[in-house]
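Please read the structure below before turning to the comments.
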Amino acid sequence: FLSTMLVRNIRFIASRRMSTMTVSQEMPDLPLTSPTPSTYGPTLTTTLPSGLKILTSPNASSLTVTYTTPFTPSPSSLPSRYMSFKSSSLASTLKTSRTFEDLGASTSTSHSRSSLTRSFTCDPTLYVHLLPHLAVSPVYEPWDVQSALKSANLDKEAAKTDPILTLQESIYSACYGESSPLGESIYGGCSAGDVVSFTEGLKGGVVSAVGVKDHEGFVKEVEEGFGG
């Protein structure tokens with residue numbers, strides 16, 4: 001029996017070596033292991049005189065605009081994340097939220113040690129009504145700032161029980177020193193005044209959008225909203 005199986009295996013290997021068929025032809029149901037080509041299309045880039053970089057890509061059924069600003073690590077960066085889409089010269093926090101909801105749009109924010117990202121997703125024809133809310137600075141209503149501090153404190157408490165975040169902060173502290181801005185923990189304490197000063201200092205960065213067909217038109221809207 002063993003000799004028969006050995007002969008069969010040898011014949012199979014020999015036939016595979018002489019085959020001119022590709023793997024996908026011989027086994028069409030086998031999943032592809034190579035990355036599929038991107039469907040987002042070409043990315044167009046424009047840099048405004050202010051240094052703000054704008055990136056767009058056309059292929060998407062909905063439109064997502066993302067604004068990423070870099071910063072030096074600071075404990076104030078965490079509550080600053082929660083100052084996004086708050087009361088501004090355009091509208092109150094409640095009205096801003098209702099504006100996005102009424103247009104069927106959603107917002108999100110994310111935070112790292114060195115950048116803050118704010119974004120919204122909406123129908124491609126509606127972004128012009130929402131872009132100003134991404135560009136405008138908050139007016140720092142006391143209740144908005146206190147709410148941001150409370151949300152940041154919850155994140156800080158959660159970080160204490162996260163071994164990965166604890167290790168990450170220890171590595172930065174060991175590499176750069178606790179007194180260095182790069183080594184300072186982003187989960188430290190800060191005041192309302194610190195949050196205001198930090199958020200006001202967020203400038204420049206990158207505005208990117210997926211689902212934009214008219215790059216030049218988008219650039220014009222960004223330049224008008226963010227300033228050239």
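So you can find residues: chains in the structure tokens are A, B, ... in the order shown, residues in each start at 1, and ligands are numbered from 1 in order.
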
Run DSSP on the backbone of this structure and report the residues of chain A it assigns to helix (DSSP H, G or I), as a ChimeraX atom specification.
/A:2-18,23-26,77-81,93-102,127-135,142-160,163-176,192-200,215-226

List as a PDB file with all heavy atoms, in the first residue's frame the protein and nucleic acid residues near range 107-114 of chain A, meaning an atom at most 7 Å away when only C-alpha atoms are counted, but skip any in the same chain fewer than 4 places from it.
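So the final result, stored in selection-v9.pdb, reads:
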ATOM      1  N   PRO A  70      -0.521  67.872  13.231  1.00  0.00           N
ATOM      2  CA  PRO A  70       0.573  67.341  14.063  1.00  0.00           C
ATOM      3  C   PRO A  70       0.790  68.206  15.308  1.00  0.00           C
ATOM      4  O   PRO A  70       0.415  69.374  15.340  1.00  0.00           O
ATOM      5  CB  PRO A  70       1.775  67.443  13.114  1.00  0.00           C
ATOM      6  CG  PRO A  70       1.466  68.643  12.266  1.00  0.00           C
ATOM      7  CD  PRO A  70      -0.031  68.674  12.099  1.00  0.00           C
ATOM      8  N   PHE A  71       1.389  67.617  16.329  1.00  0.00           N
ATOM      9  CA  PHE A  71       1.723  68.380  17.519  1.00  0.00           C
ATOM     10  C   PHE A  71       2.818  67.662  18.293  1.00  0.00           C
ATOM     11  O   PHE A  71       3.105  66.485  18.050  1.00  0.00           O
ATOM     12  CB  PHE A  71       0.496  68.593  18.413  1.00  0.00           C
ATOM     13  CG  PHE A  71      -0.220  67.320  18.806  1.00  0.00           C
ATOM     14  CD1 PHE A  71       0.304  66.455  19.748  1.00  0.00           C
ATOM     15  CD2 PHE A  71      -1.437  66.999  18.224  1.00  0.00           C
ATOM     16  CE1 PHE A  71      -0.351  65.292  20.114  1.00  0.00           C
ATOM     17  CE2 PHE A  71      -2.111  65.840  18.586  1.00  0.00           C
ATOM     18  CZ  PHE A  71      -1.568  64.990  19.532  1.00  0.00           C
ATOM     19  N   THR A  72       3.415  68.362  19.229  1.00  0.00           N
ATOM     20  CA  THR A  72       4.379  67.763  20.145  1.00  0.00           C
ATOM     21  C   THR A  72       3.598  67.108  21.286  1.00  0.00           C
ATOM     22  O   THR A  72       2.660  67.711  21.813  1.00  0.00           O
ATOM     23  CB  THR A  72       5.325  68.831  20.722  1.00  0.00           C
ATOM     24  OG1 THR A  72       6.019  69.460  19.644  1.00  0.00           O
ATOM     25  CG2 THR A  72       6.339  68.209  21.669  1.00  0.00           C
ATOM     26  N   PRO A  73       3.926  65.867  21.666  1.00  0.00           N
ATOM     27  CA  PRO A  73       3.167  65.172  22.707  1.00  0.00           C
ATOM     28  C   PRO A  73       2.955  66.023  23.960  1.00  0.00           C
ATOM     29  O   PRO A  73       3.875  66.693  24.432  1.00  0.00           O
ATOM     30  CB  PRO A  73       4.038  63.948  23.004  1.00  0.00           C
ATOM     31  CG  PRO A  73       4.763  63.694  21.728  1.00  0.00           C
ATOM     32  CD  PRO A  73       5.030  65.058  21.144  1.00  0.00           C
ATOM     33  N   ARG A  81      -8.745  66.543  21.831  1.00  0.00           N
ATOM     34  CA  ARG A  81      -9.491  65.708  20.883  1.00  0.00           C
ATOM     35  C   ARG A  81     -10.991  65.910  21.048  1.00  0.00           C
ATOM     36  O   ARG A  81     -11.739  65.944  20.066  1.00  0.00           O
ATOM     37  CB  ARG A  81      -9.139  64.239  21.115  1.00  0.00           C
ATOM     38  CG  ARG A  81     -10.073  63.267  20.419  1.00  0.00           C
ATOM     39  CD  ARG A  81      -9.805  61.835  20.817  1.00  0.00           C
ATOM     40  NE  ARG A  81     -10.770  60.923  20.209  1.00  0.00           N
ATOM     41  CZ  ARG A  81     -10.774  59.612  20.393  1.00  0.00           C
ATOM     42  NH1 ARG A  81      -9.853  59.059  21.173  1.00  0.00           N
ATOM     43  NH2 ARG A  81     -11.688  58.861  19.809  1.00  0.00           N
ATOM     44  N   ARG A 118      -9.570  64.580  12.822  1.00  0.00           N
ATOM     45  CA  ARG A 118     -11.012  64.817  12.863  1.00  0.00           C
ATOM     46  C   ARG A 118     -11.561  64.573  11.467  1.00  0.00           C
ATOM     47  O   ARG A 118     -10.949  64.982  10.478  1.00  0.00           O
ATOM     48  CB  ARG A 118     -11.306  66.251  13.287  1.00  0.00           C
ATOM     49  CG  ARG A 118     -10.956  66.555  14.731  1.00  0.00           C
ATOM     50  CD  ARG A 118     -10.579  67.988  14.943  1.00  0.00           C
ATOM     51  NE  ARG A 118      -9.210  68.240  14.484  1.00  0.00           N
ATOM     52  CZ  ARG A 118      -8.625  69.433  14.547  1.00  0.00           C
ATOM     53  NH1 ARG A 118      -9.283  70.466  15.010  1.00  0.00           N
ATOM     54  NH2 ARG A 118      -7.387  69.578  14.128  1.00  0.00           N
ATOM     55  N   SER A 119     -12.702  63.942  11.378  1.00  0.00           N
ATOM     56  CA  SER A 119     -13.234  63.635  10.048  1.00  0.00           C
ATOM     57  C   SER A 119     -14.754  63.577  10.053  1.00  0.00           C
ATOM     58  O   SER A 119     -15.388  63.469  11.109  1.00  0.00           O
ATOM     59  CB  SER A 119     -12.675  62.300   9.549  1.00  0.00           C
ATOM     60  OG  SER A 119     -13.130  61.231  10.348  1.00  0.00           O
ATOM     61  N   PHE A 120     -15.322  63.664   8.859  1.00  0.00           N
ATOM     62  CA  PHE A 120     -16.754  63.441   8.705  1.00  0.00           C
ATOM     63  C   PHE A 120     -16.999  62.736   7.383  1.00  0.00           C
ATOM     64  O   PHE A 120     -16.209  62.851   6.436  1.00  0.00           O
ATOM     65  CB  PHE A 120     -17.550  64.750   8.790  1.00  0.00           C
ATOM     66  CG  PHE A 120     -17.300  65.727   7.665  1.00  0.00           C
ATOM     67  CD1 PHE A 120     -17.961  65.609   6.449  1.00  0.00           C
ATOM     68  CD2 PHE A 120     -16.414  66.788   7.839  1.00  0.00           C
ATOM     69  CE1 PHE A 120     -17.742  66.519   5.416  1.00  0.00           C
ATOM     70  CE2 PHE A 120     -16.184  67.704   6.816  1.00  0.00           C
ATOM     71  CZ  PHE A 120     -16.853  67.568   5.603  1.00  0.00           C
ATOM     72  N   THR A 121     -18.094  61.994   7.324  1.00  0.00           N
ATOM     73  CA  THR A 121     -18.500  61.272   6.126  1.00  0.00           C
ATOM     74  C   THR A 121     -19.913  61.706   5.756  1.00  0.00           C
ATOM     75  O   THR A 121     -20.788  61.775   6.626  1.00  0.00           O
ATOM     76  CB  THR A 121     -18.463  59.751   6.352  1.00  0.00           C
ATOM     77  OG1 THR A 121     -17.128  59.362   6.696  1.00  0.00           O
ATOM     78  CG2 THR A 121     -18.902  59.002   5.099  1.00  0.00           C
ATOM     79  N   ILE A 186       1.340  61.461  27.684  1.00  0.00           N
ATOM     80  CA  ILE A 186       0.148  62.179  27.230  1.00  0.00           C
ATOM     81  C   ILE A 186      -1.025  61.930  28.174  1.00  0.00           C
ATOM     82  O   ILE A 186      -2.094  62.518  28.005  1.00  0.00           O
ATOM     83  CB  ILE A 186      -0.235  61.777  25.793  1.00  0.00           C
ATOM     84  CG1 ILE A 186      -0.591  60.282  25.724  1.00  0.00           C
ATOM     85  CG2 ILE A 186       0.866  62.125  24.816  1.00  0.00           C
ATOM     86  CD1 ILE A 186      -1.120  59.847  24.376  1.00  0.00           C
TER      87      ILE A 186
END

As an NGL selection string, please: the residues near Cys122 in chain A (cut-off 9 Å, only C-alpha atoms, same-chain neighbours under 4 positions excluded).
:A and (62-65 or 100 or 103-106 or 126-127 or 130)

Restricting it to N, CA and C atoms, dump the selection as an mmCIF file, in the first residue's frame.
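Result file follows (again11.cif):
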data_model
loop_
_atom_site.group_PDB
_atom_site.id
_atom_site.type_symbol
_atom_site.label_atom_id
_atom_site.label_comp_id
_atom_site.auth_asym_id
_atom_site.auth_seq_id
_atom_site.Cartn_x
_atom_site.Cartn_y
_atom_site.Cartn_z
ATOM 1 N N SER A 62 -19.443 57.394 -1.006
ATOM 2 C CA SER A 62 -19.663 58.497 -0.071
ATOM 3 C C SER A 62 -18.382 59.308 0.012
ATOM 4 N N LEU A 63 -18.455 60.456 0.647
ATOM 5 C CA LEU A 63 -17.286 61.325 0.732
ATOM 6 C C LEU A 63 -16.843 61.444 2.188
ATOM 7 N N THR A 64 -15.565 61.230 2.425
ATOM 8 C CA THR A 64 -14.995 61.367 3.765
ATOM 9 C C THR A 64 -13.884 62.406 3.733
ATOM 10 N N VAL A 65 -14.017 63.412 4.563
ATOM 11 C CA VAL A 65 -13.001 64.459 4.683
ATOM 12 C C VAL A 65 -12.303 64.296 6.032
ATOM 13 N N PHE A 100 -25.055 68.027 11.329
ATOM 14 C CA PHE A 100 -24.505 66.803 10.750
ATOM 15 C C PHE A 100 -25.583 65.708 10.672
ATOM 16 N N LEU A 103 -28.124 66.218 7.839
ATOM 17 C CA LEU A 103 -27.578 65.958 6.507
ATOM 18 C C LEU A 103 -27.123 64.504 6.348
ATOM 19 N N GLY A 104 -27.435 63.688 7.346
ATOM 20 C CA GLY A 104 -27.079 62.276 7.262
ATOM 21 C C GLY A 104 -25.588 62.020 7.329
ATOM 22 N N ALA A 105 -24.861 62.923 7.974
ATOM 23 C CA ALA A 105 -23.404 62.800 8.067
ATOM 24 C C ALA A 105 -22.995 62.273 9.432
ATOM 25 N N SER A 106 -21.831 61.681 9.489
ATOM 26 C CA SER A 106 -21.279 61.179 10.753
ATOM 27 C C SER A 106 -19.903 61.787 10.974
ATOM 28 N N LEU A 126 -22.856 67.247 -0.338
ATOM 29 C CA LEU A 126 -23.168 68.028 0.857
ATOM 30 C C LEU A 126 -21.946 68.513 1.632
ATOM 31 N N TYR A 127 -20.750 68.122 1.216
ATOM 32 C CA TYR A 127 -19.577 68.426 2.047
ATOM 33 C C TYR A 127 -19.337 69.918 2.211
ATOM 34 N N LEU A 130 -20.564 71.271 5.398
ATOM 35 C CA LEU A 130 -19.982 70.743 6.633
ATOM 36 C C LEU A 130 -18.506 71.077 6.808
#

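Each of A:Cys175, A:Val128, A:Ala192, A:Ala60 was compared to Met83 in chain A using only C-alpha atoms, and A:Ala192 turns out to be the nearest.
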
Find the spatial neighbours of range 50-54 of chain A, counting only C-alpha atoms, within a cut-off of 9 Å - ignore same-chain residues fewer than 3 positions away - and output them as a PDB file with all heavy atoms, in the first residue's frame.
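What follows is the written file out.pdb:
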ATOM      1  N   LEU A  44      -4.558  63.228  -5.957  1.00  0.00           N
ATOM      2  CA  LEU A  44      -4.081  64.549  -6.371  1.00  0.00           C
ATOM      3  C   LEU A  44      -3.695  65.342  -5.138  1.00  0.00           C
ATOM      4  O   LEU A  44      -4.357  65.266  -4.097  1.00  0.00           O
ATOM      5  CB  LEU A  44      -5.165  65.278  -7.162  1.00  0.00           C
ATOM      6  CG  LEU A  44      -5.676  64.561  -8.427  1.00  0.00           C
ATOM      7  CD1 LEU A  44      -6.771  65.375  -9.102  1.00  0.00           C
ATOM      8  CD2 LEU A  44      -4.527  64.310  -9.400  1.00  0.00           C
ATOM      9  N   THR A  45      -2.620  66.106  -5.252  1.00  0.00           N
ATOM     10  CA  THR A  45      -2.076  66.835  -4.101  1.00  0.00           C
ATOM     11  C   THR A  45      -1.884  68.308  -4.417  1.00  0.00           C
ATOM     12  O   THR A  45      -1.406  68.659  -5.494  1.00  0.00           O
ATOM     13  CB  THR A  45      -0.716  66.243  -3.682  1.00  0.00           C
ATOM     14  OG1 THR A  45      -0.857  64.842  -3.445  1.00  0.00           O
ATOM     15  CG2 THR A  45      -0.192  66.914  -2.427  1.00  0.00           C
ATOM     16  N   THR A  46      -2.248  69.147  -3.470  1.00  0.00           N
ATOM     17  CA  THR A  46      -2.017  70.587  -3.569  1.00  0.00           C
ATOM     18  C   THR A  46      -1.558  71.086  -2.206  1.00  0.00           C
ATOM     19  O   THR A  46      -2.105  70.683  -1.175  1.00  0.00           O
ATOM     20  CB  THR A  46      -3.299  71.351  -3.974  1.00  0.00           C
ATOM     21  OG1 THR A  46      -3.690  70.955  -5.289  1.00  0.00           O
ATOM     22  CG2 THR A  46      -3.062  72.860  -3.960  1.00  0.00           C
ATOM     23  N   THR A  47      -0.553  71.940  -2.194  1.00  0.00           N
ATOM     24  CA  THR A  47      -0.088  72.550  -0.947  1.00  0.00           C
ATOM     25  C   THR A  47      -0.356  74.048  -0.997  1.00  0.00           C
ATOM     26  O   THR A  47       0.108  74.733  -1.913  1.00  0.00           O
ATOM     27  CB  THR A  47       1.415  72.298  -0.732  1.00  0.00           C
ATOM     28  OG1 THR A  47       1.667  70.881  -0.700  1.00  0.00           O
ATOM     29  CG2 THR A  47       1.874  72.901   0.592  1.00  0.00           C
ATOM     30  N   LYS A 203      -2.183  74.008  14.214  1.00  0.00           N
ATOM     31  CA  LYS A 203      -2.212  74.649  12.903  1.00  0.00           C
ATOM     32  C   LYS A 203      -1.611  73.710  11.854  1.00  0.00           C
ATOM     33  O   LYS A 203      -0.873  72.786  12.162  1.00  0.00           O
ATOM     34  CB  LYS A 203      -1.409  75.956  12.919  1.00  0.00           C
ATOM     35  CG  LYS A 203      -1.838  76.956  13.986  1.00  0.00           C
ATOM     36  CD  LYS A 203      -3.239  77.497  13.748  1.00  0.00           C
ATOM     37  CE  LYS A 203      -3.616  78.514  14.825  1.00  0.00           C
ATOM     38  NZ  LYS A 203      -4.999  79.018  14.655  1.00  0.00           N
ATOM     39  N   GLY A 204      -1.930  74.007  10.592  1.00  0.00           N
ATOM     40  CA  GLY A 204      -1.324  73.255   9.488  1.00  0.00           C
ATOM     41  C   GLY A 204      -1.821  71.832   9.421  1.00  0.00           C
ATOM     42  O   GLY A 204      -2.904  71.494   9.891  1.00  0.00           O
ATOM     43  N   GLY A 205      -1.008  70.969   8.831  1.00  0.00           N
ATOM     44  CA  GLY A 205      -1.363  69.566   8.723  1.00  0.00           C
ATOM     45  C   GLY A 205      -1.846  69.194   7.330  1.00  0.00           C
ATOM     46  O   GLY A 205      -1.425  69.781   6.324  1.00  0.00           O
ATOM     47  N   VAL A 206      -2.754  68.231   7.291  1.00  0.00           N
ATOM     48  CA  VAL A 206      -3.212  67.672   6.017  1.00  0.00           C
ATOM     49  C   VAL A 206      -4.732  67.549   6.019  1.00  0.00           C
ATOM     50  O   VAL A 206      -5.316  67.051   6.980  1.00  0.00           O
ATOM     51  CB  VAL A 206      -2.598  66.279   5.763  1.00  0.00           C
ATOM     52  CG1 VAL A 206      -3.139  65.682   4.463  1.00  0.00           C
ATOM     53  CG2 VAL A 206      -1.083  66.355   5.718  1.00  0.00           C
ATOM     54  N   VAL A 207      -5.352  68.008   4.942  1.00  0.00           N
ATOM     55  CA  VAL A 207      -6.776  67.771   4.713  1.00  0.00           C
ATOM     56  C   VAL A 207      -6.880  66.787   3.559  1.00  0.00           C
ATOM     57  O   VAL A 207      -6.416  67.070   2.454  1.00  0.00           O
ATOM     58  CB  VAL A 207      -7.533  69.066   4.351  1.00  0.00           C
ATOM     59  CG1 VAL A 207      -8.999  68.750   4.025  1.00  0.00           C
ATOM     60  CG2 VAL A 207      -7.454  70.066   5.492  1.00  0.00           C
ATOM     61  N   SER A 208      -7.438  65.630   3.814  1.00  0.00           N
ATOM     62  CA  SER A 208      -7.569  64.609   2.771  1.00  0.00           C
ATOM     63  C   SER A 208      -9.034  64.258   2.582  1.00  0.00           C
ATOM     64  O   SER A 208      -9.833  64.349   3.514  1.00  0.00           O
ATOM     65  CB  SER A 208      -6.772  63.355   3.136  1.00  0.00           C
ATOM     66  OG  SER A 208      -7.232  62.806   4.351  1.00  0.00           O
ATOM     67  N   ALA A 209      -9.380  63.861   1.363  1.00  0.00           N
ATOM     68  CA  ALA A 209     -10.771  63.530   1.066  1.00  0.00           C
ATOM     69  C   ALA A 209     -10.844  62.389   0.062  1.00  0.00           C
ATOM     70  O   ALA A 209     -10.119  62.395  -0.944  1.00  0.00           O
ATOM     71  CB  ALA A 209     -11.508  64.747   0.525  1.00  0.00           C
ATOM     72  N   PHE A 218     -12.533  71.396  -4.652  1.00  0.00           N
ATOM     73  CA  PHE A 218     -12.341  71.072  -3.242  1.00  0.00           C
ATOM     74  C   PHE A 218     -11.250  71.941  -2.630  1.00  0.00           C
ATOM     75  O   PHE A 218     -11.386  72.436  -1.514  1.00  0.00           O
ATOM     76  CB  PHE A 218     -11.985  69.595  -3.096  1.00  0.00           C
ATOM     77  CG  PHE A 218     -11.824  69.133  -1.674  1.00  0.00           C
ATOM     78  CD1 PHE A 218     -12.930  68.899  -0.874  1.00  0.00           C
ATOM     79  CD2 PHE A 218     -10.558  68.950  -1.126  1.00  0.00           C
ATOM     80  CE1 PHE A 218     -12.793  68.478   0.443  1.00  0.00           C
ATOM     81  CE2 PHE A 218     -10.398  68.537   0.185  1.00  0.00           C
ATOM     82  CZ  PHE A 218     -11.524  68.302   0.980  1.00  0.00           C
ATOM     83  N   VAL A 219     -10.164  72.140  -3.375  1.00  0.00           N
ATOM     84  CA  VAL A 219      -9.065  72.990  -2.901  1.00  0.00           C
ATOM     85  C   VAL A 219      -9.577  74.396  -2.615  1.00  0.00           C
ATOM     86  O   VAL A 219      -9.234  75.030  -1.600  1.00  0.00           O
ATOM     87  CB  VAL A 219      -7.922  73.036  -3.930  1.00  0.00           C
ATOM     88  CG1 VAL A 219      -6.908  74.120  -3.568  1.00  0.00           C
ATOM     89  CG2 VAL A 219      -7.228  71.684  -4.012  1.00  0.00           C
ATOM     90  N   VAL A 222     -11.532  74.402   0.637  1.00  0.00           N
ATOM     91  CA  VAL A 222     -10.630  74.276   1.779  1.00  0.00           C
ATOM     92  C   VAL A 222      -9.886  75.583   2.022  1.00  0.00           C
ATOM     93  O   VAL A 222      -9.751  76.046   3.168  1.00  0.00           O
ATOM     94  CB  VAL A 222      -9.623  73.125   1.566  1.00  0.00           C
ATOM     95  CG1 VAL A 222      -8.561  73.124   2.652  1.00  0.00           C
ATOM     96  CG2 VAL A 222     -10.341  71.788   1.553  1.00  0.00           C
ATOM     97  N   GLU A 223      -9.421  76.188   0.942  1.00  0.00           N
ATOM     98  CA  GLU A 223      -8.687  77.443   1.069  1.00  0.00           C
ATOM     99  C   GLU A 223      -9.569  78.527   1.672  1.00  0.00           C
ATOM    100  O   GLU A 223      -9.120  79.338   2.476  1.00  0.00           O
ATOM    101  CB  GLU A 223      -8.177  77.882  -0.309  1.00  0.00           C
ATOM    102  CG  GLU A 223      -7.207  79.034  -0.278  1.00  0.00           C
ATOM    103  CD  GLU A 223      -6.535  79.264  -1.611  1.00  0.00           C
ATOM    104  OE1 GLU A 223      -7.012  78.704  -2.621  1.00  0.00           O
ATOM    105  OE2 GLU A 223      -5.523  79.989  -1.644  1.00  0.00           O
ATOM    106  N   PHE A 226     -10.213  77.186   5.547  1.00  0.00           N
ATOM    107  CA  PHE A 226      -9.047  77.119   6.416  1.00  0.00           C
ATOM    108  C   PHE A 226      -8.113  78.322   6.262  1.00  0.00           C
ATOM    109  O   PHE A 226      -7.250  78.544   7.093  1.00  0.00           O
ATOM    110  CB  PHE A 226      -8.242  75.843   6.112  1.00  0.00           C
ATOM    111  CG  PHE A 226      -8.877  74.589   6.624  1.00  0.00           C
ATOM    112  CD1 PHE A 226      -9.903  73.989   5.921  1.00  0.00           C
ATOM    113  CD2 PHE A 226      -8.455  73.999   7.799  1.00  0.00           C
ATOM    114  CE1 PHE A 226     -10.502  72.813   6.372  1.00  0.00           C
ATOM    115  CE2 PHE A 226      -9.035  72.827   8.264  1.00  0.00           C
ATOM    116  CZ  PHE A 226     -10.073  72.243   7.551  1.00  0.00           C
ATOM    117  N   GLY A 227      -8.251  79.052   5.178  1.00  0.00           N
ATOM    118  CA  GLY A 227      -7.325  80.146   4.907  1.00  0.00           C
ATOM    119  C   GLY A 227      -6.157  79.646   4.097  1.00  0.00           C
ATOM    120  O   GLY A 227      -5.688  78.535   4.280  1.00  0.00           O
ATOM    121  N   GLY A 228      -5.729  80.469   3.154  1.00  0.00           N
ATOM    122  CA  GLY A 228      -4.645  80.048   2.259  1.00  0.00           C
ATOM    123  C   GLY A 228      -3.297  80.115   2.917  1.00  0.00           C
ATOM    124  O   GLY A 228      -2.314  79.635   2.400  1.00  0.00           O
TER     125      GLY A 228
END

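Every protein or nucleic acid residue with an atom no more than 12 Å from Asn153 in chain A, counting only C-alpha atoms and leaving out same-chain residues fewer than 2 positions away, appears here: Pro75, Ser76, Leu78, Pro79, Ser80, Tyr82, Gln146, Ser147, Ala148, Leu149, Lys150, Ser151, Asp155, Lys156, Glu157, Ala158, Ala159, Lys160, Ile186, Tyr187, Gly188, Gly189, Cys190 and Ser191 of chain A.
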
Excluding same-chain residues fewer than 5 positions from Gly183 in chain A, what lies within 9 Å of it counting only C-alpha atoms, as a list in words?
Pro73, Glu169, Ser170, Ile171, Tyr172, Ser173, Ala174, Cys175, Tyr176, Gly177 and Glu178 of chain A

At a cut-off of 8 Å, using only C-alpha atoms, what residues contact range 56-58 of chain A? Leave out same-chain residues fewer than 5 positions from it and give the result as a PyMOL selection string.
chain A and resi 40-45+208-215

Check the DSSP output for the backbone and give back, as JSON, numbers by chain, the residues of range 65-222 of chain A in strand (DSSP E or B).
{"A": [65, 66, 67, 68, 69, 70, 88, 106, 107, 108, 109, 110, 111, 115, 116, 117, 118, 119, 120, 121, 122, 138, 206, 207, 208, 209, 210]}

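The residue that comes closest to Leu134 in chain A, out of A:Ser197, A:Gly225, A:Ser74, A:Ser97 and on the basis of only C-alpha atoms, is A:Gly225.
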
Could you state the separation of CA of Ser92 in chain A and CA of Lys220 in chain A in Å, given to one decimal place?
25.8 Å
